[in-house]
$ cat run_5.txt   # compact mmCIF, C-alpha atoms
# COMPACT_ATOMS: atom_id res chain seq x y z
CA MET A 1 151.84 -168.94 70.27
CA MET A 2 152.66 -166.05 72.56
CA PHE A 3 156.01 -164.30 72.57
CA ASN A 4 156.22 -163.23 76.18
CA ASP A 5 159.91 -163.88 76.62
CA LEU A 6 162.94 -163.79 74.37
CA ASP A 7 163.39 -167.56 74.56
CA SER A 8 160.09 -168.16 72.82
CA VAL A 9 161.22 -165.75 70.07
CA THR A 10 164.58 -167.47 69.60
CA ASP A 11 162.88 -170.89 69.62
CA ALA A 12 160.54 -169.77 66.87
CA LEU A 13 163.44 -168.24 64.89
CA ALA A 14 165.31 -171.55 65.03
CA GLY A 15 162.32 -173.12 63.29
CA LEU A 16 162.76 -170.82 60.28
CA THR A 17 165.59 -172.70 58.57
CA ALA A 18 164.46 -173.64 55.12
CA THR A 19 165.39 -176.41 52.75
CA PRO A 20 166.32 -175.07 49.34
CA VAL A 21 164.31 -176.41 46.45
CA PRO A 22 166.20 -179.02 44.50
CA GLY A 23 167.82 -177.51 41.46
CA LEU A 24 169.77 -174.69 43.04
CA THR A 25 172.94 -176.35 41.75
CA ASP A 26 171.38 -176.49 38.26
CA ARG A 27 170.91 -172.73 38.38
CA ILE A 28 174.56 -172.20 39.26
CA PHE A 29 176.39 -174.71 37.07
CA GLY A 30 176.57 -174.84 33.30
CA SER A 31 176.75 -178.25 31.64
CA TRP A 32 179.08 -179.23 28.84
CA LEU A 33 179.41 -182.05 26.34
CA ALA A 34 181.18 -182.95 23.13
CA ALA A 35 178.94 -183.31 20.08
CA PRO A 36 179.45 -183.98 16.37
CA SER A 37 178.57 -181.21 13.94
CA ARG A 38 178.97 -180.11 10.34
CA LEU A 39 182.36 -178.75 11.41
CA GLY A 40 183.45 -181.99 13.03
CA ALA A 41 183.60 -182.40 16.79
CA THR A 42 182.39 -179.46 18.87
CA PHE A 43 182.21 -178.63 22.55
CA VAL A 44 178.88 -177.24 23.73
CA ALA A 45 177.93 -175.61 27.05
CA PHE A 46 174.36 -174.96 28.15
CA THR A 47 172.24 -173.96 31.13
CA GLY A 48 168.64 -174.70 32.02
CA ALA A 49 167.72 -171.67 29.90
CA GLY A 50 169.35 -172.98 26.72
CA VAL A 51 172.58 -173.40 24.77
CA GLN A 52 175.14 -170.79 25.75
CA PHE A 53 178.42 -171.59 24.01
CA VAL A 54 179.59 -173.63 21.01
CA ARG A 55 183.17 -174.01 19.82
CA SER A 56 184.72 -176.43 17.36
CA ALA A 57 187.11 -178.88 18.94
CA GLU A 58 189.63 -177.84 16.29
CA SER A 59 189.54 -174.22 17.47
CA VAL A 60 190.68 -175.31 20.96
CA ARG A 61 193.07 -178.00 19.65
CA GLY A 62 190.71 -180.69 20.88
CA ASP A 63 191.33 -179.62 24.47
CA ALA A 64 188.15 -179.74 26.56
CA ALA A 65 189.95 -177.94 29.40
CA ALA A 66 190.74 -175.00 27.10
CA PHE A 67 187.06 -174.88 26.10
CA GLY A 68 186.10 -174.91 29.78
CA ASP A 69 188.47 -172.05 30.55
CA ALA A 70 187.12 -169.99 27.66
CA TYR A 71 183.58 -170.62 28.93
CA ARG A 72 184.40 -169.69 32.54
CA ASP A 73 186.23 -166.53 31.46
CA ARG A 74 183.31 -165.43 29.38
CA PHE A 75 180.32 -166.51 31.48
CA GLY A 76 181.72 -166.67 35.04
CA ARG A 77 180.01 -169.97 35.75
CA PRO A 78 181.33 -173.33 36.91
CA LEU A 79 180.89 -176.26 34.53
CA ARG A 80 180.06 -179.90 34.99
CA PRO A 81 179.68 -182.71 32.46
CA ALA A 82 176.18 -183.07 31.01
CA ASP A 83 174.13 -186.26 31.14
CA ARG A 84 172.37 -185.57 27.88
CA ALA A 85 172.13 -183.00 25.12
CA PRO A 86 169.36 -180.36 25.17
CA ALA A 87 166.42 -180.97 22.81
CA GLY A 88 167.22 -180.34 19.17
CA LEU A 89 170.92 -179.62 19.68
CA LEU A 90 172.36 -182.63 17.86
CA VAL A 91 169.96 -182.27 14.94
CA ALA A 92 170.72 -178.55 14.62
CA LEU A 93 174.49 -179.12 14.77
CA ALA A 94 174.08 -181.68 11.98
CA GLY A 95 172.66 -178.86 9.84
CA ARG A 96 168.92 -179.39 9.82
CA PRO A 97 166.93 -176.28 10.74
CA THR A 98 165.52 -177.12 14.17
CA PRO A 99 164.52 -174.79 16.97
CA VAL A 100 167.02 -174.98 19.82
CA ARG A 101 166.60 -172.93 22.97
CA LEU A 102 169.47 -170.48 23.36
CA ASP A 103 170.62 -168.78 26.55
CA LEU A 104 171.68 -165.31 25.36
CA ARG A 105 171.59 -163.66 28.80
CA GLY A 106 174.44 -161.29 29.43
CA LEU A 107 174.52 -159.97 25.87
CA SER A 108 173.75 -156.33 25.07
CA ASP A 109 170.55 -155.42 23.23
CA PHE A 110 172.60 -154.67 20.11
CA GLU A 111 174.39 -158.03 20.28
CA ARG A 112 171.07 -159.80 20.66
CA ASP A 113 169.55 -157.84 17.75
CA VAL A 114 172.52 -158.74 15.52
CA LEU A 115 172.28 -162.43 16.41
CA THR A 116 168.49 -162.42 15.93
CA ALA A 117 168.80 -160.86 12.48
CA THR A 118 171.53 -163.35 11.58
CA SER A 119 169.40 -166.27 12.71
CA ARG A 120 166.81 -165.30 10.07
CA ILE A 121 169.18 -165.93 7.12
CA PRO A 122 168.05 -169.20 5.52
CA ALA A 123 170.43 -172.04 4.70
CA GLY A 124 172.15 -171.68 1.34
CA GLN A 125 171.89 -167.88 1.35
CA ILE A 126 174.25 -165.11 2.37
CA ARG A 127 173.83 -161.49 3.43
CA PRO A 128 176.36 -158.69 3.75
CA TYR A 129 177.31 -157.28 7.16
CA GLY A 130 175.50 -154.07 6.21
CA TRP A 131 172.26 -155.98 5.75
CA VAL A 132 172.52 -157.34 9.30
CA ALA A 133 173.25 -153.83 10.57
CA ARG A 134 170.10 -152.53 8.86
CA GLU A 135 167.97 -155.41 10.10
CA ALA A 136 169.30 -154.84 13.64
CA GLY A 137 168.15 -151.23 13.40
CA ARG A 138 171.68 -149.72 13.34
CA PRO A 139 172.43 -149.27 9.62
CA ARG A 140 175.74 -147.49 10.24
CA ALA A 141 177.10 -150.08 12.69
CA VAL A 142 178.49 -152.36 9.97
CA ARG A 143 181.87 -152.89 11.64
CA ALA A 144 180.24 -153.44 15.00
CA VAL A 145 178.18 -156.22 13.43
CA GLY A 146 181.44 -157.86 12.34
CA SER A 147 182.80 -157.65 15.89
CA VAL A 148 179.63 -159.14 17.38
CA LEU A 149 179.59 -162.02 14.91
CA ALA A 150 183.29 -162.72 15.45
CA ARG A 151 182.34 -163.38 19.07
CA ASN A 152 179.10 -165.26 18.29
CA PRO A 153 178.67 -167.51 21.34
CA VAL A 154 176.68 -170.08 19.38
CA PRO A 155 178.07 -170.46 15.81
CA LEU A 156 176.23 -172.99 13.60
CA LEU A 157 173.12 -172.54 15.78
CA ILE A 158 173.14 -168.86 14.81
CA PRO A 159 174.58 -169.04 11.29
CA CYS A 160 177.18 -166.26 11.31
CA HIS A 161 178.89 -168.10 8.44
CA ARG A 162 176.08 -166.75 6.22
CA VAL A 163 177.18 -163.14 6.73
CA VAL A 164 179.73 -161.97 4.17
CA ARG A 165 181.48 -158.90 2.80
CA ALA A 166 179.59 -156.48 0.59
CA ASP A 167 182.16 -156.91 -2.23
CA GLY A 168 181.18 -160.54 -2.77
CA LEU A 169 184.12 -162.12 -0.93
CA LEU A 170 183.07 -164.51 1.79
CA GLY A 171 185.26 -162.78 4.37
CA ASP A 172 186.47 -164.04 7.73
CA TYR A 173 185.00 -166.68 9.99
CA MET A 174 185.85 -167.43 13.60
CA PHE A 175 186.90 -170.95 12.58
CA GLY A 176 188.65 -169.84 9.37
CA SER A 177 187.39 -168.80 5.93
CA THR A 178 187.94 -172.31 4.53
CA HIS A 179 185.33 -173.66 6.90
CA LYS A 180 183.00 -170.81 6.00
CA GLU A 181 183.10 -171.74 2.32
CA GLN A 182 182.78 -175.44 3.13
CA LEU A 183 179.66 -174.83 5.24
CA LEU A 184 178.06 -172.66 2.53
CA ARG A 185 178.78 -175.20 -0.23
CA ALA A 186 177.28 -177.93 1.94
CA GLU A 187 174.11 -175.81 2.13
CA GLN A 188 173.95 -175.74 -1.71
CA MET A 189 174.81 -172.06 -1.87
CA ASN A 190 175.83 -170.96 -5.38
CA VAL A 191 179.33 -169.98 -4.23
CA ASP A 192 180.99 -170.02 -7.66
CA GLU A 193 178.17 -168.14 -9.37
CA VAL A 194 178.19 -165.42 -6.73
CA ALA A 195 181.98 -165.09 -7.05
CA ALA A 196 181.73 -164.84 -10.85
CA LEU A 197 179.03 -162.15 -10.58
CA ALA A 198 181.12 -160.23 -8.06
CA ARG A 199 184.08 -160.23 -10.47
CA GLN A 200 181.80 -158.48 -12.96
CA GLY A 201 180.78 -155.99 -10.31
CA VAL A 202 177.32 -157.52 -9.90
CA HIS A 203 175.98 -157.76 -6.34
CA PHE A 204 172.23 -157.67 -7.00
CA VAL A 205 170.09 -159.53 -9.52
CA GLY A 206 166.78 -158.33 -10.92
CA SER A 207 164.13 -159.86 -13.15
CA ASP A 208 162.50 -157.91 -15.96
CA THR A 209 159.36 -160.07 -15.71
CA THR A 210 158.63 -159.58 -12.00
CA GLY A 211 160.49 -156.29 -11.61
CA VAL A 212 161.97 -157.54 -8.35
CA VAL A 213 165.62 -157.14 -7.28
CA CYS A 214 167.32 -159.68 -4.96
CA PHE A 215 170.63 -160.75 -3.51
CA PRO A 216 172.13 -163.34 -5.88
CA THR A 217 171.64 -166.18 -3.36
CA CYS A 218 167.93 -165.52 -2.88
CA PRO A 219 165.80 -168.39 -4.26
CA HIS A 220 163.81 -165.77 -6.21
CA ALA A 221 167.02 -164.61 -7.91
CA ARG A 222 168.29 -168.10 -8.61
CA ARG A 223 165.18 -169.07 -10.53
CA ILE A 224 165.31 -166.09 -12.94
CA THR A 225 166.10 -167.43 -16.40
CA PRO A 226 169.21 -165.93 -18.06
CA ALA A 227 167.17 -164.08 -20.65
CA HIS A 228 165.34 -162.09 -17.97
CA ARG A 229 168.23 -161.58 -15.58
CA HIS A 230 169.78 -158.18 -14.99
CA GLY A 231 172.77 -157.57 -12.80
CA PHE A 232 173.28 -154.42 -10.71
CA ARG A 233 176.23 -153.09 -8.78
CA THR A 234 174.03 -151.49 -6.13
CA ALA A 235 170.47 -151.91 -4.93
CA ALA A 236 169.96 -148.20 -5.58
CA ALA A 237 170.80 -148.71 -9.27
CA ALA A 238 168.20 -151.47 -9.46
CA LEU A 239 165.57 -149.24 -7.86
CA THR A 240 166.41 -146.44 -10.32
CA ALA A 241 165.91 -148.96 -13.11
CA GLY A 242 162.39 -149.51 -11.84
CA HIS A 243 162.81 -152.64 -9.70
CA ARG A 244 161.31 -153.09 -6.26
CA PRO A 245 163.20 -154.82 -3.44
CA CYS A 246 162.38 -158.48 -2.83
CA HIS A 247 160.24 -159.11 0.25
CA HIS A 248 162.12 -162.31 0.98
CA CYS A 249 165.79 -161.23 0.96
CA ARG A 250 165.13 -157.52 1.59
CA PRO A 251 168.20 -156.20 -0.27
CA THR A 252 167.52 -152.62 0.84
CA GLY A 253 166.80 -153.47 4.45
CA PRO A 254 163.59 -153.67 6.43
CA LEU A 255 160.61 -152.78 4.23
CA PRO A 256 157.49 -150.84 5.13
CA GLN A 257 154.55 -152.96 6.25
CA ARG A 258 153.59 -155.27 3.42
CA PRO A 259 150.04 -154.77 2.12
CA PRO A 260 147.70 -157.67 2.89
CA PRO A 261 147.91 -160.34 0.16
CA THR A 262 145.19 -160.18 -2.42
CA PRO A 263 143.74 -163.40 -3.84
CA GLY A 264 145.60 -164.57 -6.91
CA ALA A 265 148.60 -162.30 -6.30
CA VAL A 266 151.98 -163.71 -7.27
CA GLY A 267 154.66 -163.86 -4.58
CA ASP A 268 158.05 -162.25 -4.76
CA MET B 1 189.00 -176.88 45.59
CA VAL B 2 192.52 -175.60 45.13
CA THR B 3 193.26 -178.14 42.38
CA ASP B 4 189.87 -178.52 40.70
CA LEU B 5 187.77 -175.43 41.31
CA ASP B 6 184.55 -176.63 39.70
CA SER B 7 184.11 -179.96 41.46
CA GLY B 8 185.33 -178.32 44.67
CA PHE B 9 182.74 -175.64 44.20
CA ALA B 10 179.98 -178.24 43.70
CA GLU B 11 180.96 -179.53 47.14
CA VAL B 12 180.82 -175.99 48.56
CA VAL B 13 177.30 -175.55 47.19
CA ARG B 14 176.17 -178.89 48.63
CA THR B 15 177.64 -178.10 52.04
CA HIS B 16 176.37 -174.55 52.35
CA GLU B 17 173.20 -174.33 50.25
CA ARG B 18 170.89 -174.88 53.24
CA VAL B 19 172.41 -172.07 55.30
CA VAL B 20 172.77 -169.77 52.29
CA TYR B 21 169.18 -170.38 51.18
CA SER B 22 167.76 -169.98 54.70
CA VAL B 23 169.50 -166.64 55.11
CA ALA B 24 168.53 -165.58 51.57
CA LEU B 25 164.89 -166.42 52.32
CA ARG B 26 164.85 -164.35 55.52
CA LEU B 27 166.62 -161.41 53.89
CA SER B 28 164.47 -161.34 50.75
CA GLY B 29 161.18 -162.54 52.25
CA ARG B 30 159.90 -164.57 49.28
CA PRO B 31 160.94 -168.05 48.12
CA ALA B 32 161.28 -167.05 44.45
CA ASP B 33 163.50 -164.07 45.36
CA ALA B 34 165.45 -166.24 47.77
CA GLU B 35 166.34 -168.71 45.02
CA ASP B 36 167.51 -165.89 42.78
CA LEU B 37 169.51 -164.38 45.62
CA ALA B 38 171.12 -167.68 46.63
CA ALA B 39 172.05 -168.57 43.04
CA GLU B 40 173.40 -165.07 42.39
CA ALA B 41 175.46 -165.13 45.58
CA PHE B 42 176.99 -168.52 44.74
CA LEU B 43 177.87 -167.28 41.24
CA ARG B 44 179.55 -164.18 42.66
CA ALA B 45 181.44 -166.38 45.08
CA TYR B 46 182.60 -168.60 42.21
CA GLN B 47 183.74 -165.61 40.17
CA ALA B 48 185.70 -164.30 43.12
CA LEU B 49 187.30 -167.69 43.80
CA ARG B 50 188.51 -167.91 40.20
CA GLY B 51 190.69 -164.89 40.83
CA TYR B 52 192.10 -166.11 44.16
CA HIS B 53 195.39 -167.89 44.67
CA GLY B 54 195.32 -171.38 46.15
CA GLU B 55 196.70 -170.06 49.42
CA ARG B 56 193.95 -167.52 49.77
CA ILE B 57 191.26 -170.12 48.98
CA ALA B 58 192.74 -172.53 51.51
CA SER B 59 192.67 -169.89 54.26
CA LEU B 60 189.11 -168.69 53.52
CA ARG B 61 186.52 -169.15 56.23
CA LEU B 62 183.91 -170.21 53.72
CA ARG B 63 180.66 -169.91 55.66
CA PRO B 64 181.01 -166.29 56.84
CA TRP B 65 182.58 -165.38 53.51
CA LEU B 66 179.60 -166.80 51.57
CA LEU B 67 177.11 -165.15 53.91
CA THR B 68 178.85 -161.80 53.49
CA ILE B 69 178.31 -162.18 49.75
CA VAL B 70 174.63 -163.07 50.35
CA ARG B 71 174.22 -159.94 52.48
CA ASN B 72 175.91 -157.66 49.95
CA THR B 73 173.96 -159.17 47.06
CA ALA B 74 170.70 -158.70 48.97
CA ARG B 75 171.60 -155.07 49.65
CA ASN B 76 172.40 -154.44 45.99
CA THR B 77 169.14 -156.07 44.93
CA ALA B 78 167.17 -154.01 47.44
CA ARG B 79 168.87 -150.84 46.25
CA ASP B 80 168.12 -151.64 42.60
CA ALA B 81 164.53 -152.57 43.45
CA ALA B 82 164.05 -149.24 45.22
CA ARG B 83 164.70 -147.54 41.89
CA ARG B 84 162.04 -149.54 40.10
CA PRO B 85 158.32 -149.84 40.79
CA ALA B 86 157.54 -152.74 43.11
CA PRO B 87 156.08 -155.91 41.61
CA PRO B 88 152.62 -156.96 42.80
CA PRO B 89 152.74 -158.80 46.15
CA ALA B 90 153.10 -162.55 45.76
CA VAL B 91 151.26 -165.17 47.73
CA GLU B 92 153.60 -167.43 49.67
CA PRO B 93 153.00 -171.06 48.76
CA ALA B 94 152.35 -173.12 51.87
CA GLU B 95 155.14 -175.51 52.71
CA PRO B 96 154.16 -179.19 52.66
CA PRO B 97 153.30 -180.49 56.16
CA ALA B 98 156.17 -182.23 57.90
CA ARG B 99 155.72 -185.83 58.96
CA GLY B 100 154.95 -186.52 62.61
CA ALA B 101 153.24 -183.24 63.38
CA SER B 102 149.50 -183.10 63.80
CA VAL B 103 147.61 -180.84 61.45
CA GLU B 104 146.89 -178.41 64.27
CA GLN B 105 150.51 -178.22 65.31
CA GLN B 106 151.55 -177.75 61.71
CA VAL B 107 149.04 -174.99 61.10
CA GLU B 108 150.17 -173.20 64.22
CA ARG B 109 153.81 -173.57 63.22
CA ASP B 110 153.09 -172.20 59.74
CA ASP B 111 151.28 -169.22 61.24
CA VAL B 112 154.19 -168.53 63.54
CA ALA B 113 156.69 -168.82 60.68
CA ARG B 114 154.68 -166.48 58.48
CA GLU B 115 154.23 -163.92 61.23
CA LEU B 116 157.91 -164.06 62.16
CA GLY B 117 158.94 -163.77 58.52
CA LEU B 118 156.79 -160.66 58.16
CA VAL B 119 158.14 -158.90 61.23
CA LEU B 120 161.73 -159.89 60.50
CA VAL B 121 161.78 -157.85 57.30
CA GLN B 122 160.73 -154.80 59.35
CA LEU B 123 163.94 -154.81 61.37
CA PRO B 124 166.74 -152.46 60.38
CA GLU B 125 169.09 -154.29 58.00
CA ALA B 126 172.00 -154.86 60.40
CA GLN B 127 169.69 -156.14 63.16
CA ARG B 128 167.83 -158.40 60.75
CA VAL B 129 171.06 -159.90 59.40
CA ALA B 130 172.40 -160.34 62.94
CA VAL B 131 169.25 -162.05 64.25
CA VAL B 132 168.91 -164.31 61.20
CA LEU B 133 172.56 -165.39 61.33
CA ARG B 134 172.59 -165.98 65.08
CA HIS B 135 169.17 -167.47 65.70
CA VAL B 136 167.81 -168.83 62.40
CA VAL B 137 170.96 -170.54 61.17
CA GLY B 138 172.78 -170.67 64.52
CA LEU B 139 176.10 -168.99 63.71
CA PRO B 140 178.44 -168.20 66.61
CA THR B 141 178.63 -164.51 67.46
CA SER B 142 182.18 -164.30 66.08
CA GLU B 143 180.96 -165.32 62.60
CA VAL B 144 178.03 -162.91 62.82
CA ALA B 145 180.56 -160.16 63.54
CA GLU B 146 182.64 -161.28 60.57
CA VAL B 147 179.68 -161.05 58.21
CA LEU B 148 178.62 -157.68 59.58
CA GLY B 149 182.20 -156.47 59.48
CA CYS B 150 182.07 -155.19 63.04
CA PRO B 151 183.56 -156.09 66.46
CA ASP B 152 182.00 -158.98 68.41
CA GLY B 153 180.50 -156.62 70.97
CA THR B 154 178.71 -154.64 68.28
CA ALA B 155 177.37 -157.83 66.72
CA LYS B 156 176.05 -158.92 70.13
CA SER B 157 174.27 -155.65 70.54
CA HIS B 158 172.71 -155.89 67.05
CA ILE B 159 171.47 -159.38 67.94
CA SER B 160 170.08 -158.33 71.29
CA ARG B 161 168.41 -155.18 70.03
CA GLY B 162 166.98 -157.07 67.11
CA LEU B 163 165.49 -159.70 69.40
CA HIS B 164 163.93 -157.14 71.68
CA ARG B 165 162.46 -155.26 68.80
CA LEU B 166 161.13 -158.49 67.31
CA ARG B 167 159.41 -159.36 70.55
CA ALA B 168 157.93 -155.90 70.77
CA LEU B 169 156.59 -156.16 67.22
CA LEU B 170 155.17 -159.62 67.90
CA THR B 171 153.43 -158.78 71.16
CA GLU B 172 152.02 -155.44 70.11
CA PRO B 173 148.25 -155.49 69.70
CA ALA B 174 147.92 -156.08 65.97
CA GLY B 175 145.06 -153.64 65.28
CA ASP B 176 143.12 -154.99 62.33
CA GLY B 177 145.24 -158.11 62.32
CA LEU B 178 147.80 -156.90 59.84
CA VAL B 179 151.37 -156.72 60.99
CA ALA B 180 153.05 -156.13 57.69
CA GLY B 181 152.96 -152.76 56.05
CA ARG B 182 153.14 -150.63 59.16
CA THR B 183 156.07 -148.46 59.81
CA LEU B 184 157.48 -149.08 63.25
CA ARG B 185 160.07 -146.95 64.88
$ encode --input "run_5.txt" --output "structure tokens"
Amino acid sequence: MMFNDLDSVTDALAGLTATPVPGLTDRIFGSWLAAPSRLGATFVAFTGAGVQFVRSAESVRGDAAAFGDAYRDRFGRPLRPADRAPAGLLVALAGRPTPVRLDLRGLSDFERDVLTATSRIPAGQIRPYGWVAREAGRPRAVRAVGSVLARNPVPLLIPCHRVVRADGLLGDYMFGSTHKEQLLRAEQMNVDEVAALARQGVHFVGSDTTGVVCFPTCPHARRITPAHRHGFRTAAAALTAGHRPCHHCRPTGPLPQRPPPTPGAVGD
Amino acid sequence: MVTDLDSGFAEVVRTHERVVYSVALRLSGRPADAEDLAAEAFLRAYQALRGYHGERIASLRLRPWLLTIVRNTARNTARDAARRPAPPPAVEPAEPPARGASVEQQVERDDVARELGLVLVQLPEAQRVAVVLRHVVGLPTSEVAEVLGCPDGTAKSHISRGLHRLRALLTEPAGDGLVAGRTLR
């Protein structure tokens, strides 16, 4: 085609309108639904990238509109009702460890590091806020970890209820400390034992057969027989007594690269 | 939209997505960038609407308002991109042939569209926006002026200068056959 006059240019320009690919609306709107969970009914919002926001119905007095407002204030996105739940969501909310895609866009690097570290705490175990701070690479930012977890966009899916105070108390939870204890007991955490140890000033448990020191909820601590169990107030005291930190619960924070396993070696 | 913002906004997206996307495509040049730009602009529009009173929403002239947001978002993106190294050039996927056109006609139309798309992005920003709004999506001059934030007469002159420059770029002997990449003053 030749463009000898302006009309031929404007004609060609008029042919440049384009039809958007289907799915533009999906990229703009978040979807929401109500779903059962270990905490009772919850409201969940998600995008194509993953789950973005979870709140217990109780925390918004069962009001879906209040949940929607909280979502819009925080994420600046319109919401529409979902047709179906994202893969794995219902199973994960019921408490079985299942990978669920999360949409954590819009969070700072520190927030994401805190949530990632928290997501590595296994069911039935707890870690102090300071542990999360160390794992997130900011050992002094203990209070900041508390602030991030208090605003955890996806509780239950990222188990912020497994992060507790260093003195052995379970501490606060965005849905109330009663629910925190209830969730931990449901995961078979040794809540009463940990509380009893804390009253004696014991926050770390070591074994004189393996020479390893753990947090009291670590499976390697829980299987130490009473005769071989030693309690410590601090991890440093355990190290002074000749123990090495457990590779599983990492009571002193991230460890140097583990040597390659040798055949026949015993685990932690 | 005044009573239920979200379902009202779904209607706004449905009504305006074609115009918004067409403009986004001609301002950004690549389909993938155009989708990002259109989605981003709609989200900004939604965030702004949340803070508006019902009266203000009711009196909004939505189309020019949305397209102003598209333009500003595109400018911000371009400014940010200028501070980062450019990504490798992408290959434009061919659009599926429309029904009713012969293969030859379709090929010729695709060539024209590609060539036009390439020269359009060489226009100065105000002229490009003016030409796209007036002649690609067919806005009246008054709305073009509203988006550009200038008097009608100025908008007309942006449109006219843009068209003349476009024609000049298109009819210039194309050297080794490449139009894109040259700096034209």
$ residues_around --input "run_5.txt" --residues "segment 170-178 of chain A" --least-positions-apart "5" --cutoff "10 Å" --atoms "only C-alpha atoms" --output "number ranges by chain"
A: 39, 55-56, 58-59, 126-128, 146, 149-152, 155, 160-165, 183-184, 191, 194-195
$ interface_residues --input "run_5.txt" --of "chain B" --to "chain A" --cutoff "6 Å" --atoms "only C-alpha atoms" --output "count of residues only"
8
$ residues_around --input "run_5.txt" --residues "Leu123 of chain B" --least-positions-apart "4" --cutoff "9 Å" --atoms "only C-alpha atoms" --output "compact mmCIF listing (two decimals) with C-alpha atoms, keeping the file's coordinate frame"
# COMPACT_ATOMS: atom_id res chain seq x y z
CA VAL B 119 158.14 -158.90 61.23
CA GLN B 127 169.69 -156.14 63.16
CA ARG B 128 167.83 -158.40 60.75
CA VAL B 129 171.06 -159.90 59.40
CA GLY B 162 166.98 -157.07 67.11
CA ARG B 165 162.46 -155.26 68.80
CA LEU B 166 161.13 -158.49 67.31
CA LEU B 184 157.48 -149.08 63.25
$ axis_aligned_box --input "run_5.txt" --around "segment 37-49 of chain B" --padding-each-side "8 Å" --output "AutoDock Vina command-line options"
--center_x 178.4 --center_y -166.4 --center_z 43.4 --size_x 33.8 --size_y 20.4 --size_z 22.5
$ atom_distance --input "run_5.txt" --atom1 "atom CA of Val13 of chain B" --atom2 "atom CA of Leu118 of chain B"
27.6 Å
$ atom_distance --input "run_5.txt" --atom1 "atom CA of Glu143 of chain B" --atom2 "atom CA of Arg71 of chain B"
13.3 Å
$ atom_distance --input "run_5.txt" --atom1 "atom CA of Ala82 of chain B" --atom2 "atom CA of Asp36 of chain B"
17.2 Å
$ closest_residue --input "run_5.txt" --among "A:Gly231, A:Gly206, A:Gly130, A:Pro36" --to "Ala144 of chain A" --atoms "only C-alpha atoms"
A:Gly130
$ residues_around --input "run_5.txt" --residues "Ala82 of chain A" --least-positions-apart "5" --cutoff "7 Å" --atoms "all atoms listed in the file" --output "list in words"
Ser31, Trp32 and Leu33 of chain A
$ closest_residue --input "run_5.txt" --among "A:Ala141, A:Ala123, A:Val148, A:Ala92" --to "Ser108 of chain A" --atoms "all atoms listed in the file"
A:Val148
$ residues_around --input "run_5.txt" --residues "Arg38 of chain A" --least-positions-apart "5" --cutoff "10 Å" --atoms "all atoms listed in the file" --output "ChimeraX atom specification"
/A:56,92-95,156,179,182-183,186
$ residues_around --input "run_5.txt" --residues "segment 60-64 of chain A" --least-positions-apart "4" --cutoff "9 Å" --atoms "all atoms listed in the file" --output "NGL selection string"
:A and (34 or 41-43 or 55-56 or 68-69)
